[in-house]
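Engineer: This is the content of my_file.txt (compact mmCIF, C-alpha atoms):
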```txt
# COMPACT_ATOMS: atom_id res chain seq x y z
CA MET H 1 73.57 -95.14 -64.50
CA THR H 2 71.52 -94.05 -61.46
CA GLU H 3 73.08 -91.74 -58.89
CA SER H 4 73.73 -93.32 -55.48
CA ARG H 5 72.29 -91.76 -52.35
CA ARG H 6 73.31 -91.88 -48.72
CA GLY H 7 70.85 -93.52 -46.34
CA ILE H 8 70.12 -95.78 -43.37
CA VAL H 9 69.58 -99.50 -43.88
CA CYS H 10 68.22 -102.03 -41.39
CA ILE H 11 68.38 -105.66 -42.50
CA GLY H 12 67.68 -108.78 -40.49
CA ALA H 13 65.21 -111.38 -39.31
CA SER H 14 63.05 -111.71 -36.24
CA HIS H 15 60.49 -114.06 -34.71
CA GLN H 16 57.95 -112.35 -36.98
CA THR H 17 59.68 -113.46 -40.18
CA ALA H 18 61.66 -116.59 -39.37
CA SER H 19 61.25 -119.71 -37.26
CA LEU H 20 63.60 -120.45 -34.40
CA ALA H 21 65.33 -123.12 -36.50
CA ALA H 22 66.01 -120.50 -39.16
CA ARG H 23 66.99 -117.71 -36.78
CA GLU H 24 69.61 -119.76 -35.00
CA ARG H 25 71.45 -120.30 -38.29
CA PHE H 26 72.41 -116.65 -38.48
CA ALA H 27 72.24 -115.65 -34.82
CA LEU H 28 74.78 -112.90 -34.15
CA VAL H 29 75.98 -114.43 -30.87
CA GLY H 30 79.45 -114.23 -29.39
CA SER H 31 81.92 -112.65 -31.80
CA LYS H 32 79.77 -113.25 -34.87
CA GLY H 33 78.07 -109.86 -34.72
CA ARG H 34 81.34 -108.00 -34.33
CA ASP H 35 83.00 -110.05 -37.08
CA LEU H 36 80.11 -109.40 -39.44
CA CYS H 37 80.25 -105.65 -38.75
CA THR H 38 84.01 -105.57 -39.27
CA HIS H 39 83.61 -107.48 -42.54
CA LEU H 40 80.90 -105.15 -43.86
CA ALA H 41 82.81 -102.05 -42.76
CA GLU H 42 85.37 -102.92 -45.44
CA HIS H 43 82.70 -102.41 -48.13
CA PRO H 44 83.31 -99.07 -49.89
CA ASP H 45 79.67 -97.99 -49.50
CA VAL H 46 79.39 -98.84 -45.78
CA LEU H 47 80.08 -95.80 -43.60
CA GLU H 48 78.92 -97.16 -40.21
CA VAL H 49 77.45 -100.46 -39.03
CA ALA H 50 76.13 -102.02 -35.80
CA ALA H 51 74.62 -105.44 -35.02
CA VAL H 52 71.63 -106.02 -32.70
CA ALA H 53 71.38 -109.59 -31.38
CA THR H 54 68.57 -110.84 -29.14
CA CYS H 55 66.67 -114.09 -28.77
CA ASN H 56 64.01 -112.51 -31.01
CA ARG H 57 66.12 -110.99 -33.76
CA SER H 58 69.41 -110.58 -35.60
CA GLU H 59 69.63 -107.19 -37.31
CA LEU H 60 72.24 -104.91 -38.84
CA TYR H 61 71.93 -101.12 -38.85
CA ILE H 62 74.05 -99.55 -41.56
CA ILE H 63 74.79 -96.01 -42.70
CA ALA H 64 75.29 -96.54 -46.40
CA GLN H 65 76.59 -94.47 -49.28
CA ASP H 66 74.49 -96.64 -51.60
CA PRO H 67 71.66 -98.42 -49.68
CA GLU H 68 70.74 -100.83 -52.48
CA THR H 69 74.30 -102.07 -52.96
CA VAL H 70 74.85 -102.36 -49.21
CA ALA H 71 71.59 -104.29 -48.69
CA GLU H 72 72.79 -106.82 -51.26
CA ALA H 73 76.18 -107.11 -49.54
CA ALA H 74 74.54 -107.56 -46.12
CA THR H 75 72.20 -110.23 -47.49
CA LYS H 76 75.19 -112.08 -48.89
CA ALA H 77 76.99 -111.80 -45.53
CA PHE H 78 73.96 -113.24 -43.69
CA ALA H 79 73.75 -116.04 -46.25
CA GLU H 80 77.40 -116.95 -45.72
CA LEU H 81 76.86 -116.97 -41.97
CA ALA H 82 73.83 -119.24 -42.33
CA GLU H 83 75.56 -121.38 -44.99
CA ALA H 84 72.60 -120.71 -47.25
CA SER H 85 71.90 -118.99 -50.54
CA PRO H 86 70.61 -115.39 -50.58
CA ALA H 87 67.47 -116.69 -52.31
CA GLU H 88 66.80 -119.06 -49.39
CA LEU H 89 66.80 -116.10 -46.99
CA ALA H 90 64.61 -113.91 -49.18
CA THR H 91 61.45 -114.56 -47.15
CA MET H 92 63.23 -114.25 -43.79
CA LEU H 93 65.34 -111.12 -44.12
CA VAL H 94 63.52 -107.80 -44.07
CA VAL H 95 65.17 -104.66 -45.45
CA ARG H 96 64.07 -101.29 -44.09
CA GLU H 97 65.46 -97.94 -45.13
CA ASP H 98 65.66 -94.40 -43.75
CA ASP H 99 62.58 -93.36 -41.69
CA ASP H 100 61.21 -96.91 -41.74
CA ALA H 101 64.49 -98.26 -40.33
CA VAL H 102 64.66 -95.58 -37.64
CA GLU H 103 61.04 -96.04 -36.54
CA HIS H 104 61.57 -99.80 -36.42
CA LEU H 105 64.57 -99.48 -34.09
CA PHE H 106 62.61 -97.18 -31.79
CA ARG H 107 59.69 -99.64 -31.73
CA VAL H 108 62.15 -102.39 -30.86
CA ALA H 109 63.55 -100.20 -28.06
CA GLY H 110 60.04 -99.60 -26.75
CA GLY H 111 59.41 -103.35 -26.48
CA ILE H 112 56.51 -103.60 -28.95
CA GLU H 113 58.39 -105.72 -31.49
CA SER H 114 59.34 -108.44 -28.98
CA ILE H 115 57.81 -111.84 -28.38
CA VAL H 116 56.73 -110.51 -24.98
CA THR H 117 55.24 -107.05 -25.38
CA GLY H 118 57.10 -104.59 -23.18
CA GLU H 119 60.07 -106.82 -22.32
CA ALA H 120 62.79 -104.65 -20.81
CA GLN H 121 65.89 -106.69 -21.63
CA ILE H 122 66.12 -105.07 -25.06
CA GLN H 123 67.40 -101.88 -23.40
CA GLY H 124 70.59 -103.59 -22.28
CA GLN H 125 70.91 -105.38 -25.61
CA LEU H 126 70.78 -102.09 -27.53
CA ARG H 127 73.46 -100.64 -25.24
CA ASP H 128 75.56 -103.75 -25.87
CA ALA H 129 75.14 -103.31 -29.64
CA HIS H 130 76.12 -99.64 -29.40
CA GLU H 131 79.19 -100.36 -27.27
CA ALA H 132 80.29 -103.29 -29.45
CA ALA H 133 80.15 -101.11 -32.57
CA GLN H 134 82.12 -98.39 -30.79
CA ASP H 135 84.74 -100.89 -29.64
CA ALA H 136 85.00 -102.30 -33.17
CA GLY H 137 85.37 -98.81 -34.64
CA THR H 138 82.29 -99.21 -36.87
CA CYS H 139 80.05 -96.74 -35.03
CA GLY H 140 80.22 -93.16 -36.25
CA PRO H 141 78.28 -90.01 -35.32
CA VAL H 142 75.03 -91.04 -37.02
CA LEU H 143 74.66 -94.47 -35.41
CA ASP H 144 75.87 -93.02 -32.12
CA ARG H 145 73.03 -90.50 -32.16
CA LEU H 146 70.54 -93.10 -33.40
CA PHE H 147 71.23 -95.62 -30.64
CA ARG H 148 71.30 -92.98 -27.91
CA LEU H 149 67.87 -91.77 -29.01
CA ALA H 150 66.60 -95.37 -29.18
CA VAL H 151 67.59 -95.97 -25.55
CA GLU H 152 65.85 -92.73 -24.58
CA VAL H 153 62.66 -93.86 -26.35
CA GLY H 154 62.87 -97.17 -24.48
CA LYS H 155 63.19 -95.36 -21.15
CA ARG H 156 60.21 -93.13 -21.93
CA ALA H 157 58.13 -96.15 -22.94
CA ARG H 158 58.67 -97.77 -19.56
CA THR H 159 58.25 -94.66 -17.42
CA GLU H 160 55.39 -92.94 -19.25
CA THR H 161 53.27 -95.97 -20.25
CA THR H 162 52.23 -99.31 -18.73
CA ILE H 163 53.97 -101.28 -21.48
CA GLY H 164 56.30 -102.98 -18.98
CA ASP H 165 53.65 -103.94 -16.42
CA GLY H 166 53.06 -107.57 -15.56
CA ARG H 167 54.82 -110.33 -17.47
CA ALA H 168 57.37 -108.33 -19.41
CA SER H 169 60.21 -110.72 -20.10
CA ILE H 170 60.91 -114.06 -21.74
CA GLY H 171 62.14 -115.21 -18.33
CA SER H 172 58.79 -114.48 -16.71
CA ILE H 173 56.90 -116.29 -19.48
CA ALA H 174 59.26 -119.27 -19.07
CA ALA H 175 58.55 -119.28 -15.35
CA GLU H 176 54.82 -119.25 -16.03
CA LEU H 177 55.13 -122.16 -18.44
CA VAL H 178 57.13 -124.13 -15.87
CA ALA H 179 54.51 -123.37 -13.22
CA THR H 180 51.76 -124.86 -15.39
CA ARG H 181 53.78 -128.05 -15.98
CA VAL H 182 55.35 -128.77 -12.60
CA GLY H 183 52.58 -128.78 -9.96
CA ASN H 184 53.55 -127.68 -6.48
CA LEU H 185 56.28 -125.05 -6.84
CA ASP H 186 56.96 -124.93 -3.10
CA THR H 187 58.53 -128.38 -3.19
CA ALA H 188 59.81 -128.29 -6.78
CA ARG H 189 63.51 -128.16 -7.54
CA MET H 190 64.61 -126.05 -10.49
CA VAL H 191 67.87 -125.64 -12.37
CA VAL H 192 68.84 -122.64 -14.47
CA VAL H 193 71.68 -123.28 -16.91
CA GLY H 194 73.47 -120.03 -17.69
CA ALA H 195 74.12 -117.09 -15.38
CA GLY H 196 73.72 -114.26 -17.90
CA LYS H 197 70.97 -111.67 -18.02
CA MET H 198 68.31 -114.04 -19.34
CA GLY H 199 69.23 -116.77 -16.88
CA GLY H 200 69.11 -114.31 -14.02
CA LEU H 201 65.69 -113.05 -15.11
CA ALA H 202 64.35 -116.60 -15.34
CA ALA H 203 65.72 -117.45 -11.89
CA ARG H 204 64.20 -114.35 -10.30
CA SER H 205 60.86 -115.02 -12.00
CA LEU H 206 60.83 -118.59 -10.68
CA ALA H 207 61.66 -117.36 -7.18
CA HIS H 208 58.88 -114.78 -7.41
CA ARG H 209 56.45 -117.59 -8.20
CA GLY H 210 57.38 -119.39 -5.01
CA VAL H 211 60.07 -121.87 -6.08
CA GLN H 212 62.19 -122.51 -2.98
CA ARG H 213 65.15 -124.32 -4.56
CA ILE H 214 66.76 -122.88 -7.70
CA ASP H 215 70.30 -123.99 -8.53
CA ILE H 216 72.41 -122.13 -11.10
CA VAL H 217 74.81 -123.99 -13.40
CA ASN H 218 77.40 -121.99 -15.31
CA ARG H 219 80.87 -122.44 -16.78
CA ASN H 220 82.06 -119.67 -14.49
CA GLU H 221 81.20 -121.14 -11.09
CA ALA H 222 81.82 -117.87 -9.23
CA ARG H 223 79.24 -116.12 -11.38
CA ALA H 224 76.77 -118.95 -10.80
CA GLU H 225 77.29 -118.54 -7.07
CA ARG H 226 76.61 -114.81 -7.27
CA VAL H 227 73.34 -115.30 -9.12
CA ALA H 228 72.26 -118.06 -6.73
CA ALA H 229 73.06 -115.86 -3.73
CA SER H 230 71.04 -112.98 -5.20
CA ILE H 231 67.85 -115.06 -5.31
CA GLY H 232 68.47 -117.29 -2.27
CA GLY H 233 67.34 -120.87 -1.80
CA GLY H 234 69.84 -122.52 -4.13
CA VAL H 235 73.49 -123.01 -4.98
CA GLY H 236 75.73 -122.04 -7.87
CA VAL H 237 77.84 -124.79 -9.43
CA GLY H 238 80.04 -125.44 -12.44
CA PHE H 239 79.24 -127.60 -15.45
CA ASP H 240 80.97 -130.55 -13.84
CA GLN H 241 77.88 -130.79 -11.59
CA LEU H 242 75.35 -130.56 -14.43
CA HIS H 243 74.44 -134.26 -14.53
CA ALA H 244 73.83 -134.45 -10.77
CA GLU H 245 71.69 -131.29 -10.91
CA LEU H 246 69.58 -132.64 -13.76
CA VAL H 247 68.96 -135.92 -11.96
CA GLN H 248 67.45 -134.05 -9.01
CA SER H 249 65.52 -131.34 -10.85
CA ASP H 250 61.88 -131.10 -11.86
CA ALA H 251 62.45 -128.43 -14.50
CA VAL H 252 65.41 -126.85 -16.28
CA VAL H 253 65.57 -123.43 -17.90
CA SER H 254 68.59 -123.10 -20.17
CA SER H 255 69.91 -119.82 -21.56
CA THR H 256 73.57 -119.73 -22.54
CA ASN H 257 75.55 -118.08 -25.32
CA ALA H 258 76.96 -121.41 -26.48
CA THR H 259 77.13 -122.01 -30.20
CA HIS H 260 76.63 -125.75 -29.69
CA LEU H 261 74.07 -127.96 -27.93
CA VAL H 262 74.46 -127.86 -24.15
CA LEU H 263 71.86 -130.52 -23.30
CA ARG H 264 72.26 -133.35 -25.80
CA ARG H 265 69.92 -136.30 -26.16
CA ASP H 266 72.46 -138.81 -24.84
CA MET H 267 72.98 -136.66 -21.71
CA ILE H 268 69.24 -136.48 -20.99
CA GLU H 269 68.80 -140.21 -21.65
CA ALA H 270 71.50 -140.92 -19.06
CA VAL H 271 69.76 -138.59 -16.60
CA MET H 272 66.34 -140.19 -17.13
CA ALA H 273 67.82 -143.66 -16.66
CA GLU H 274 68.39 -142.65 -13.02
CA ARG H 275 64.87 -141.21 -12.57
CA PRO H 276 62.62 -143.03 -15.08
CA ASP H 277 59.33 -142.30 -13.30
CA ARG H 278 59.85 -138.57 -12.74
CA PRO H 279 58.98 -136.18 -15.58
CA LEU H 280 61.50 -133.52 -16.58
CA VAL H 281 60.59 -130.17 -18.15
CA LEU H 282 63.24 -128.53 -20.32
CA VAL H 283 62.71 -124.89 -21.33
CA ASP H 284 65.19 -123.57 -23.89
CA LEU H 285 65.57 -119.77 -24.13
CA ALA H 286 68.74 -119.75 -26.20
CA VAL H 287 69.43 -118.85 -29.82
CA PRO H 288 71.03 -121.00 -31.12
CA ARG H 289 69.21 -123.60 -29.03
CA ASP H 290 70.84 -125.19 -26.00
CA VAL H 291 68.56 -128.24 -25.90
CA ASP H 292 68.61 -130.97 -28.53
CA ALA H 293 65.08 -131.04 -29.99
CA ASP H 294 65.29 -134.87 -30.08
CA CYS H 295 65.12 -134.86 -26.28
CA ALA H 296 61.35 -134.51 -26.70
CA GLN H 297 61.29 -138.12 -27.93
CA ILE H 298 62.54 -139.40 -24.56
CA PRO H 299 59.69 -140.70 -22.35
CA ASN H 300 58.69 -138.27 -19.58
CA VAL H 301 60.77 -135.43 -21.05
CA HIS H 302 58.91 -132.29 -22.14
CA VAL H 303 60.83 -129.75 -24.25
CA PHE H 304 59.79 -126.15 -24.90
CA ASP H 305 61.68 -123.57 -26.94
CA LEU H 306 61.14 -119.93 -27.93
CA ASP H 307 58.62 -120.84 -30.62
CA ASP H 308 56.54 -122.57 -27.94
CA LEU H 309 56.82 -119.54 -25.66
CA GLU H 310 55.66 -117.30 -28.47
CA ARG H 311 52.52 -119.42 -28.77
CA VAL H 312 51.96 -119.14 -25.01
CA VAL H 313 52.20 -115.38 -25.28
CA ALA H 314 49.81 -115.26 -28.23
CA GLU H 315 47.27 -117.36 -26.37
CA THR H 316 47.42 -115.83 -22.91
CA LEU H 317 49.03 -112.40 -22.92
CA HIS H 318 46.65 -109.45 -22.88
CA VAL H 319 48.27 -106.78 -25.02
CA ARG H 320 47.85 -103.34 -23.48
CA THR H 321 46.49 -101.49 -26.53
CA ASP H 322 46.72 -98.00 -25.02
CA ALA H 323 50.32 -98.58 -23.95
CA VAL H 324 51.30 -99.93 -27.37
CA GLU H 325 49.76 -96.91 -29.06
CA GLY H 326 51.69 -94.67 -26.67
CA VAL H 327 54.98 -96.36 -27.52
CA GLU H 328 54.23 -96.14 -31.23
CA ARG H 329 53.68 -92.40 -30.81
CA MET H 330 57.01 -92.09 -28.95
CA ALA H 331 58.75 -94.01 -31.74
CA LEU H 332 57.38 -91.56 -34.32
CA GLU H 333 58.39 -88.58 -32.18
CA GLY H 334 61.88 -90.01 -31.73
CA ALA H 335 62.19 -90.64 -35.46
CA ALA H 336 61.12 -87.05 -36.20
CA GLU H 337 63.73 -85.74 -33.74
CA PHE H 338 66.42 -87.88 -35.34
CA ALA H 339 65.39 -86.71 -38.83
CA ARG H 340 65.69 -83.08 -37.75
CA TRP H 341 69.15 -83.75 -36.30
CA LEU H 342 70.18 -85.57 -39.48
CA ARG H 343 69.04 -82.66 -41.64
CA SER H 344 70.92 -80.23 -39.41
CA LEU H 345 74.14 -81.99 -40.40
CA ALA H 346 73.72 -80.47 -43.86
CA ALA H 347 74.53 -77.07 -42.33
CA THR H 348 77.75 -78.27 -40.70
CA PRO H 349 80.09 -77.66 -43.70
CA ALA H 350 78.68 -74.14 -44.21
CA ILE H 351 78.98 -73.35 -40.51
CA ARG H 352 82.53 -74.67 -40.40
CA ASP H 353 83.47 -72.62 -43.46
CA MET H 354 81.89 -69.47 -41.99
CA ARG H 355 83.74 -69.89 -38.71
CA ASP H 356 87.05 -70.72 -40.42
CA ARG H 357 86.79 -67.54 -42.53
CA ALA H 358 85.89 -65.43 -39.50
CA GLU H 359 88.80 -66.86 -37.52
CA ALA H 360 91.24 -66.24 -40.35
CA LEU H 361 90.06 -62.62 -40.62
CA ARG H 362 90.26 -62.13 -36.84
CA ALA H 363 93.76 -63.57 -36.65
CA SER H 364 94.96 -61.48 -39.59
CA GLU H 365 93.59 -58.22 -38.22
CA LEU H 366 94.86 -58.99 -34.72
CA GLU H 367 98.35 -59.65 -36.05
CA ARG H 368 98.35 -56.29 -37.89
CA PHE H 369 97.12 -54.47 -34.79
CA LEU H 370 99.67 -56.06 -32.44
CA ALA H 371 102.47 -55.28 -34.87
CA ARG H 372 101.76 -51.56 -34.30
CA MET H 373 101.72 -52.03 -30.51
CA PRO H 374 105.18 -53.36 -29.57
CA HIS H 375 104.88 -51.93 -26.06
CA LEU H 376 102.07 -54.34 -25.06
CA THR H 377 103.00 -57.05 -22.59
CA ALA H 378 102.40 -60.75 -23.23
CA ALA H 379 99.52 -60.67 -20.77
CA ASP H 380 97.94 -57.72 -22.59
CA ARG H 381 98.27 -59.49 -25.94
CA GLN H 382 96.59 -62.60 -24.48
CA ARG H 383 93.69 -60.51 -23.12
CA ILE H 384 93.16 -58.84 -26.51
CA ASP H 385 93.25 -62.26 -28.22
CA GLN H 386 90.60 -63.61 -25.83
CA LEU H 387 88.48 -60.46 -26.28
CA THR H 388 88.44 -60.71 -30.07
CA ARG H 389 87.66 -64.44 -29.95
CA GLY H 390 84.71 -63.75 -27.67
CA ILE H 391 83.39 -61.00 -29.96
CA VAL H 392 83.59 -63.22 -33.04
CA ASN H 393 81.89 -66.15 -31.26
CA ARG H 394 79.04 -63.94 -30.06
CA MET H 395 78.58 -62.46 -33.53
CA LEU H 396 78.48 -65.92 -35.15
CA HIS H 397 76.11 -67.50 -32.62
CA GLU H 398 72.91 -66.21 -34.21
CA PRO H 399 73.91 -67.05 -37.82
CA THR H 400 74.94 -70.54 -36.67
CA VAL H 401 71.55 -71.16 -35.04
CA ARG H 402 69.73 -69.82 -38.09
CA LEU H 403 71.70 -72.04 -40.45
CA ARG H 404 70.92 -75.14 -38.40
CA GLU H 405 67.22 -74.25 -38.16
CA ALA H 406 67.06 -73.68 -41.91
CA ALA H 407 68.70 -77.04 -42.55
CA GLU H 408 66.26 -78.80 -40.20
CA GLN H 409 63.33 -77.44 -42.23
CA LEU H 410 64.62 -78.92 -45.47
CA SER H 411 62.42 -81.73 -46.81
```
Can you turn what I pasted into structure tokens?
Structural biologist:
Amino acid sequence: MTESRRGIVCIGASHQTASLAARERFALVGSKGRDLCTHLAEHPDVLEVAAVATCNRSELYIIAQDPETVAEAATKAFAELAEASPAELATMLVVREDDDAVEHLFRVAGGIESIVTGEAQIQGQLRDAHEAAQDAGTCGPVLDRLFRLAVEVGKRARTETTIGDGRASIGSIAAELVATRVGNLDTARMVVVGAGKMGGLAARSLAHRGVQRIDIVNRNEARAERVAASIGGGVGVGFDQLHAELVQSDAVVSSTNATHLVLRRDMIEAVMAERPDRPLVLVDLAVPRDVDADCAQIPNVHVFDLDDLERVVAETLHVRTDAVEGVERMALEGAAEFARWLRSLAATPAIRDMRDRAEALRASELERFLARMPHLTAADRQRIDQLTRGIVNRMLHEPTVRLREAAEQLS
């Protein structure tokens, strides 16, 4: 029997390995990511786990006592979520371990693993993943350190390179696609369905391109109103106004967290019956999709989803090679820093034992000394206690540093 080893496992799928239709089957939206983490945390070999969910990817980061066993358990959990067999997901799910997993997360944080190179929304999504794992009680010291370093790498990428210059979000690409399909943006009327981060980005990108009227539709009408007010030139309304908004719009960008179709074929057919001669562009940024793919069969309706946007990016986006190389270098540097920190943990038991022994000796000797000095006041005894603590701490500082440095140098 082979001996198990502790390690880091990243398992999941992205736009690079799975189509949109496949990705939406195991999208970790809503409570699904948290539920999956909670479920896996019950596995005896899972020490910590966090879920990263974006429109590009669904990934789990796991600190595992036995990486191979945990990877199998995570694959099975994804298969159950997707209502598929593990074999069916074999070509979609990628398993990365240890340094490879860490470097991958840092590349994701730097924006060079996204559909749109340099997109900045991933920063907030990594923070959300970190906080969700903390709230669920599945984030321990290793993942805490890992995600904090990932966010730092992402910040460096955007402040020290040009990776985020220009079109650096799915929302901006969606706005560009709309601009090429709708003609005169000054007189066009747009609707954004969803008032979350992606919807807000899409609305701001449309406004930046000169669209004068952008209405926001959201289940929470107050939130829709806030987003509309932040961009100007439109109103925020609830879903009860969706039909009326669609009838008047030239293009719709939809990005909600719904787990069901928001724009069904029968809804769009009813809308087009009131405006048969006006084309309607539907851009779907959601995973799972908001827009029924069958809407594309309706005359004068043009549907675009994330797979279509990826093709637009591939055809028209100039990848900043120097910036990408800079981010890759930062990812490697971050991974090296994390590896050093991880190795330093090996010294922690020895340091704790050394300090515990020193404290026990200090306390014993102090007790013997004070027993021979009954005339000392309580204040004097407290001062002597503080003095001896300080001496011991100063004496142990150098050995503590040396132990950590030695541990960091271990291969």
Engineer: What separation in Å, quoted to one decimal, exists between CA of Leu263 (chain H) and CA of Ala203 (chain H)?
Structural biologist: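 Between CA of Leu263 (chain H) and CA of Ala203 (chain H) the gap works out to 18.4 Å.
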Engineer: What gap, in Å, lies between CA of Ala73 (chain H) and CA of Cys37 (chain H)?
Structural biologist: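 Interatomic distance here is 11.6 Å.
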Engineer: Which of these residues is nearest to Val151 (chain H), using only C-alpha atoms: H:His130, H:Lys32, H:Arg352, H:Lys197?
Structural biologist: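 Answer, going by the shortest atom-to-atom distance: H:His130.
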Engineer: Quick one: distance from CA of Ile62 (chain H) to CA of Val49 (chain H) in Å, one decimal?
Structural biologist: 4.3 Å
Engineer: Taking all atoms listed in the file into account, name the residue in H:Met272, H:Cys139, H:Ala195, H:Phe239 that is nearest to Ser254 (chain H).
Structural biologist: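 Comparing H:Met272, H:Cys139, H:Ala195, H:Phe239 against Ser254 (chain H), the winner is H:Ala195.
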Engineer: What's the 7 Å shell around Ser14 (chain H), counting all atoms listed in the file, without same-chain residues fewer than 5 positions away, as a PyMOL selection string?
Structural biologist: chain H and resi 56-58
Engineer: Find the spatial neighbours of Leu60 (chain H), counting all atoms listed in the file, within a cut-off of 7 Å - ignore same-chain residues fewer than 5 positions away - and output them as number ranges by chain.
Structural biologist: H: 10-12, 49-52
Engineer: Using only C-alpha atoms, which residues of region 297-356 of chain H come within 12 Å of region 382-402 of chain H, and what is the closest atom pair for each, with the distance in Å to one decimal? Give it as JSON lines, sorted by chain and residue number.
Structural biologist:
```
{"residue": "H:Ser344", "atom": "CA", "partner": "H:Val401", "partner_atom": "CA", "distance": 10.1}
{"residue": "H:Ala347", "atom": "CA", "partner": "H:Thr400", "partner_atom": "CA", "distance": 8.7}
{"residue": "H:Thr348", "atom": "CA", "partner": "H:Thr400", "partner_atom": "CA", "distance": 9.2}
{"residue": "H:Pro349", "atom": "CA", "partner": "H:Thr400", "partner_atom": "CA", "distance": 11.3}
{"residue": "H:Ala350", "atom": "CA", "partner": "H:Thr400", "partner_atom": "CA", "distance": 9.2}
{"residue": "H:Ile351", "atom": "CA", "partner": "H:Thr400", "partner_atom": "CA", "distance": 6.2}
{"residue": "H:Arg352", "atom": "CA", "partner": "H:Thr400", "partner_atom": "CA", "distance": 9.4}
{"residue": "H:Asp353", "atom": "CA", "partner": "H:Thr400", "partner_atom": "CA", "distance": 11.1}
{"residue": "H:Met354", "atom": "CA", "partner": "H:Leu396", "partner_atom": "CA", "distance": 8.4}
{"residue": "H:Arg355", "atom": "CA", "partner": "H:Leu396", "partner_atom": "CA", "distance": 7.5}
{"residue": "H:Asp356", "atom": "CA", "partner": "H:Val392", "partner_atom": "CA", "distance": 11.1}
```
Engineer: If we count all atoms listed in the file and set the cut-off at 8 Å, which residues sit around region 191-194 of chain H, ignoring sequence neighbours fewer than 5 positions away in its own chain? Please answer as number ranges by chain.
Structural biologist: H: 199, 202-203, 214-219, 224, 245-246, 249, 251-256
Engineer: Just the selected residues (C-alpha atoms), exported as a PDB file, keeping the file's coordinate frame, please.
Structural biologist:
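After the write, selection.pdb holds the following:
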```
ATOM      1  CA  GLY H 199      69.230-116.770 -16.880  1.00  0.00           C
ATOM      2  CA  ALA H 202      64.350-116.600 -15.340  1.00  0.00           C
ATOM      3  CA  ALA H 203      65.720-117.450 -11.890  1.00  0.00           C
ATOM      4  CA  ILE H 214      66.760-122.880  -7.700  1.00  0.00           C
ATOM      5  CA  ASP H 215      70.300-123.990  -8.530  1.00  0.00           C
ATOM      6  CA  ILE H 216      72.410-122.130 -11.100  1.00  0.00           C
ATOM      7  CA  VAL H 217      74.810-123.990 -13.400  1.00  0.00           C
ATOM      8  CA  ASN H 218      77.400-121.990 -15.310  1.00  0.00           C
ATOM      9  CA  ARG H 219      80.870-122.440 -16.780  1.00  0.00           C
ATOM     10  CA  ALA H 224      76.770-118.950 -10.800  1.00  0.00           C
ATOM     11  CA  GLU H 245      71.690-131.290 -10.910  1.00  0.00           C
ATOM     12  CA  LEU H 246      69.580-132.640 -13.760  1.00  0.00           C
ATOM     13  CA  SER H 249      65.520-131.340 -10.850  1.00  0.00           C
ATOM     14  CA  ALA H 251      62.450-128.430 -14.500  1.00  0.00           C
ATOM     15  CA  VAL H 252      65.410-126.850 -16.280  1.00  0.00           C
ATOM     16  CA  VAL H 253      65.570-123.430 -17.900  1.00  0.00           C
ATOM     17  CA  SER H 254      68.590-123.100 -20.170  1.00  0.00           C
ATOM     18  CA  SER H 255      69.910-119.820 -21.560  1.00  0.00           C
ATOM     19  CA  THR H 256      73.570-119.730 -22.540  1.00  0.00           C
TER      20      THR H 256
END
```
Engineer: Any chance you could work out the axis-aligned box around region 46-55 of chain H, listed atoms only, 3 Å on each side, giving centre and edge lengths in Å to one decimal, as AutoDock Vina command-line options?
Structural biologist:
```
--center_x 73.4 --center_y -104.9 --center_z -37.3 --size_x 19.4 --size_y 24.3 --size_z 23.0
```
Engineer: Find the residue from H:Glu42, H:Glu83, H:Glu88, H:Glu328 that sits nearest to Val70 (chain H); use all atoms listed in the file when measuring.
Structural biologist: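 Of H:Glu42, H:Glu83, H:Glu88, H:Glu328, the one nearest Val70 (chain H) is H:Glu42, counting all atoms listed in the file.
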Engineer: With all atoms listed in the file counted and 10 Å as the cut-off, give the residues of region 153-252 of chain H in contact with region 109-113 of chain H, each with its shortest interatomic distance in Å and the pair that gives it, as JSON lines.
Structural biologist:
```
{"residue": "H:Val153", "atom": "CA", "partner": "H:Gly110", "partner_atom": "CA", "distance": 6.3}
{"residue": "H:Gly154", "atom": "CA", "partner": "H:Gly110", "partner_atom": "CA", "distance": 4.4}
{"residue": "H:Lys155", "atom": "CA", "partner": "H:Gly110", "partner_atom": "CA", "distance": 7.7}
{"residue": "H:Arg156", "atom": "CA", "partner": "H:Gly110", "partner_atom": "CA", "distance": 8.1}
{"residue": "H:Ala157", "atom": "CA", "partner": "H:Gly110", "partner_atom": "CA", "distance": 5.5}
{"residue": "H:Arg158", "atom": "CA", "partner": "H:Gly110", "partner_atom": "CA", "distance": 7.5}
{"residue": "H:Ile163", "atom": "CA", "partner": "H:Gly111", "partner_atom": "CA", "distance": 7.7}
{"residue": "H:Gly164", "atom": "CA", "partner": "H:Gly111", "partner_atom": "CA", "distance": 8.1}
{"residue": "H:Ala168", "atom": "CA", "partner": "H:Gly111", "partner_atom": "CA", "distance": 8.9}
{"residue": "H:Ser169", "atom": "CA", "partner": "H:Gly111", "partner_atom": "CA", "distance": 9.8}
```
Engineer: For region 141-143 of chain H, find every residue with an atom within 10 Å (counting only C-alpha atoms), except residues of its own chain fewer than 6 positions away, and show them as number ranges by chain.
Structural biologist: H: 8, 47-50, 61-63, 130, 133-134, 149, 338, 341-342, 345
Engineer: So which one's closest to Ala136 (chain H), H:Arg372, H:His43, H:Arg329, H:Arg34? Using only C-alpha atoms, please.
Structural biologist: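 Looking at the shortest contact to Ala136 (chain H), the residue is H:Arg34.
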Engineer: Fewer than 2 positions away in the same chain doesn't count, so skip those; otherwise give me all residues within 7 Å of Gly171 (chain H), counting only C-alpha atoms, as a VMD selection string.
Structural biologist: chain H and resid 169 173 to 175 198 201 to 202 205
